[in-house]
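To start, the structure itself, in structure tokens.
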Amino acid sequence: MKQFTQYLAGLAGAAALSLGGMAQAQEKEPIHFALLQDFTAVYTFVSTEYNQGQQDYLRMINETGGIDGHPIEPIIRDTANEPQRGLEAYNRARREGAVLVDFFSTPVSRAAVNRVLEDEMVMITALHGRGDASDGETFPYVFPMMATYWSQAAVLAQYIDEHQGGLEGKRIALVHIDSPFGREPLPVLETLAERKGFELRNFPYPSPGTEQSATWSDVRRYRPDHVIIWGAGGGQQVSVREAIRNGIRSEDILSVVWLAETDARNVGSRYMKGVKRFEAVGTGTDHDVLQDIIQYVIEPGHGSGPMENVGSSYYNIGVATMAVSVQAARLALDEFGAPLTGDKLRRGFERIDGFDARGLMPPVTLTHEDHQGGGYGRVSQWNGDSWEPVTDWFHAYQDIVWEEIEQDAAAFREGR
């Protein structure tokens, strides 16, 4: 709680600076984005860096003229990953004029789906929430905007098939937290096992993932050719340590997107060398948009958090979410004019075509039908010091992914 209090104090200072800068350069009606996230409970391993990236990107936009002169004013509140608290924060933000909400919490965003559809409020659910929300016809106001977990599993499987000796005849172990999130890749991997002729076995471990020794003893006896680890936070660190301790080569360990620089340092940077992961967004500061943030926000001393986070995996994901959202707002204002509403913003999202945040992320195209954006990503490898891409951006087996999307979306429609 002390850490979150300090973080909020930093945000308050950044907001005051931001508003001062906006007053000098912009006089048009502000646009409100509600960033109602979990800073104190489950998602703390990622939320502070993620939100810092969002804040700094929005500050950079304001410092360079806003969106056609409209400043963006973020509304930031803690939900503690509690659906009821999240909905209360949402109702308050909506009264304050928010046209977009990002809960960055699967439980809260799932609880809010019906509400945002009724209210015509855009909800972004990058790397969390419902995968079937990719179906824009069923979920017109929900935008995953990045590869769902189904698409991530497909990318990792294709990487093994094309770059690690093929899938046919191999043994693949999925080691995952025993939760809906942990089980999410199973349908795609099971279908691929049938099509590609490999053996798949899943090995769940209990939440929160701090104790996995018995699970990895079972994995060792299975003697897999490759292991896909599917957890988050400290559980991922445990998985990497246990995998290597049980004789799995680091080169044969592949992870969902939730494996970051902090995890590598805690495991041991050299010890983790060779481990691979799905990557949704580029890392480091060697990107044009990061250089702009450094020039207009960090160097003048207006950053919303520690300098060492700038360019990290989770910071850059936050930057990317706001880059897409700002692009959608810009397109909406250009096409439909002010004031910006949820419906106008939705249509702005659906006009995004090949947007890559100046090379930070794979090109994203969003349509009325597809709110995922194609399911693109790449595989990166920990080289002992940083994450290094080992593929270009690509997507995989989207026919299988969309079977899952359409099946779950149909069930949602029937249950409403």
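Following the order of the structure tokens, chains are lettered A, B, ..., residues in each are numbered from 1, and ligands are numbered from 1.
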DSSP helix (DSSP H, G or I) selection over region 376-409 of chain A, as a VMD selection string: chain A and resid 398 to 409
All residues 10 Å or closer to Met361 (chain A), only C-alpha atoms, same chain fewer than 6 positions away omitted, as a ChimeraX atom specification: /A:146,279-283,287,316-317,320,355,376-378,393
Write the selection just made, keeping N, CA and C atoms, as a compact mmCIF listing (two decimals), in the first residue's frame?
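result19.txt, freshly written:
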```
# COMPACT_ATOMS: atom_id res chain seq x y z
N MET A 146 -4.71 -6.42 -29.48
CA MET A 146 -3.47 -7.18 -29.59
C MET A 146 -3.80 -8.67 -29.58
N GLU A 279 6.06 -12.06 -27.84
CA GLU A 279 6.27 -10.63 -27.65
C GLU A 279 5.22 -9.86 -28.45
N ALA A 280 4.49 -9.00 -27.77
CA ALA A 280 3.43 -8.22 -28.41
C ALA A 280 3.91 -6.87 -28.87
N VAL A 281 4.97 -6.36 -28.23
CA VAL A 281 5.46 -5.00 -28.46
C VAL A 281 6.97 -5.02 -28.29
N GLY A 282 7.68 -4.21 -29.08
CA GLY A 282 9.12 -4.13 -28.94
C GLY A 282 9.54 -3.59 -27.59
N THR A 283 10.75 -3.94 -27.17
CA THR A 283 11.28 -3.47 -25.89
C THR A 283 12.44 -2.50 -26.13
N HIS A 287 13.25 3.17 -30.24
CA HIS A 287 12.07 3.29 -31.09
C HIS A 287 11.72 4.78 -31.16
N ASN A 316 6.41 -0.46 -22.30
CA ASN A 316 6.16 -0.29 -23.73
C ASN A 316 4.79 -0.81 -24.15
N ILE A 317 4.30 -1.86 -23.48
CA ILE A 317 2.94 -2.31 -23.77
C ILE A 317 1.94 -1.19 -23.42
N ALA A 320 2.02 1.35 -26.11
CA ALA A 320 1.33 0.89 -27.33
C ALA A 320 -0.18 0.99 -27.20
N PHE A 355 -1.53 0.37 -38.48
CA PHE A 355 -0.88 1.25 -37.50
C PHE A 355 0.12 0.46 -36.65
N TYR A 376 -1.16 -10.67 -34.44
CA TYR A 376 0.28 -10.69 -34.72
C TYR A 376 1.12 -10.58 -33.46
N GLY A 377 2.30 -11.13 -33.54
CA GLY A 377 3.31 -11.01 -32.51
C GLY A 377 4.61 -11.55 -33.04
N ARG A 378 5.57 -11.74 -32.18
CA ARG A 378 6.83 -12.37 -32.57
C ARG A 378 7.40 -13.11 -31.38
N TRP A 393 7.53 -10.00 -37.10
CA TRP A 393 6.13 -10.07 -36.70
C TRP A 393 5.38 -11.04 -37.61
```
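Near Phe39 (chain A), within a cut-off of 8 Å and counting only C-alpha atoms, sit the residues A:Phe4, A:Tyr43, A:Thr44, A:Ser47, A:Thr48, A:Asp78, A:Thr79, A:Ala80, with same-chain residues fewer than 3 positions away left out.
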d(CA of Ala93 (chain A), CA of Tyr314 (chain A)) in Å: 24.5 Å
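Among the candidates A:Gln327, A:Thr285, A:Ser255, A:Asn266, the residue lying nearest to Gly231 (chain A) is A:Ser255 (atoms considered: only C-alpha atoms).
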Within 9 Å of Arg220 (chain A) using only C-alpha atoms, minus same-chain residues under 6 positions, as a ChimeraX atom specification: /A:243,246-248
Interatomic distance (Å, one decimal) between CA of Trp258 (chain A) and CA of Gly303 (chain A): 24.3 Å
Residues within 8 Å of region 107-109 of chain A, only C-alpha atoms, excluding chain neighbours under 4 positions, as an MDAnalysis selection string: chainID A and resid 81:84 86:87 103 113 125 129
Generate the output file for the selected residues, C-alpha atoms, as a compact mmCIF listing (two decimals), in the first residue's frame.
```txt
# COMPACT_ATOMS: atom_id res chain seq x y z
CA ASN A 81 -8.87 -6.26 -9.05
CA GLU A 82 -12.35 -6.21 -7.48
CA PRO A 83 -15.24 -6.22 -10.00
CA GLN A 84 -17.64 -4.24 -7.81
CA GLY A 86 -14.13 -1.49 -10.70
CA LEU A 87 -17.74 -0.89 -11.71
CA PHE A 103 -9.30 -1.90 -16.43
CA VAL A 113 -18.72 -6.10 -20.66
CA THR A 125 -8.64 -5.16 -23.24
CA GLY A 129 -10.14 -10.05 -20.80
```
All residues 7 Å or closer to His176 (chain A), only C-alpha atoms, same chain fewer than 2 positions away omitted, as an MDAnalysis selection string: chainID A and resid 174 178 182 203:205 229:231
Which residue of A:Ala89, A:Ile352, A:Val390, A:Ala153 approaches Thr191 (chain A) most closely, using only C-alpha atoms: A:Ala153
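The shell of residues at most 6 Å from Asp408 (chain A), with only C-alpha atoms counted and near chain neighbours (fewer than 3 positions) removed, consists of A:Asp132, A:Ile405, A:Ala411.
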Selected residue of minimal separation from Val101 (chain A) among A:Ile177, A:Leu254, A:Met121, A:Ile244, counting only C-alpha atoms: A:Met121
Strand (DSSP E) call set, DSSP backbone run, region 254-352 of chain A, as a ChimeraX atom specification: /A:254-255,276-279
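Note that CA of Ala111 (chain A) and CA of Asp399 (chain A) are 28.1 Å apart.
With only C-alpha atoms as the atoms that count, the minimum distance from Gly342 (chain A) to the choices A:Glu137, A:Glu27, A:Glu308, A:Glu118 is reached by A:Glu118.
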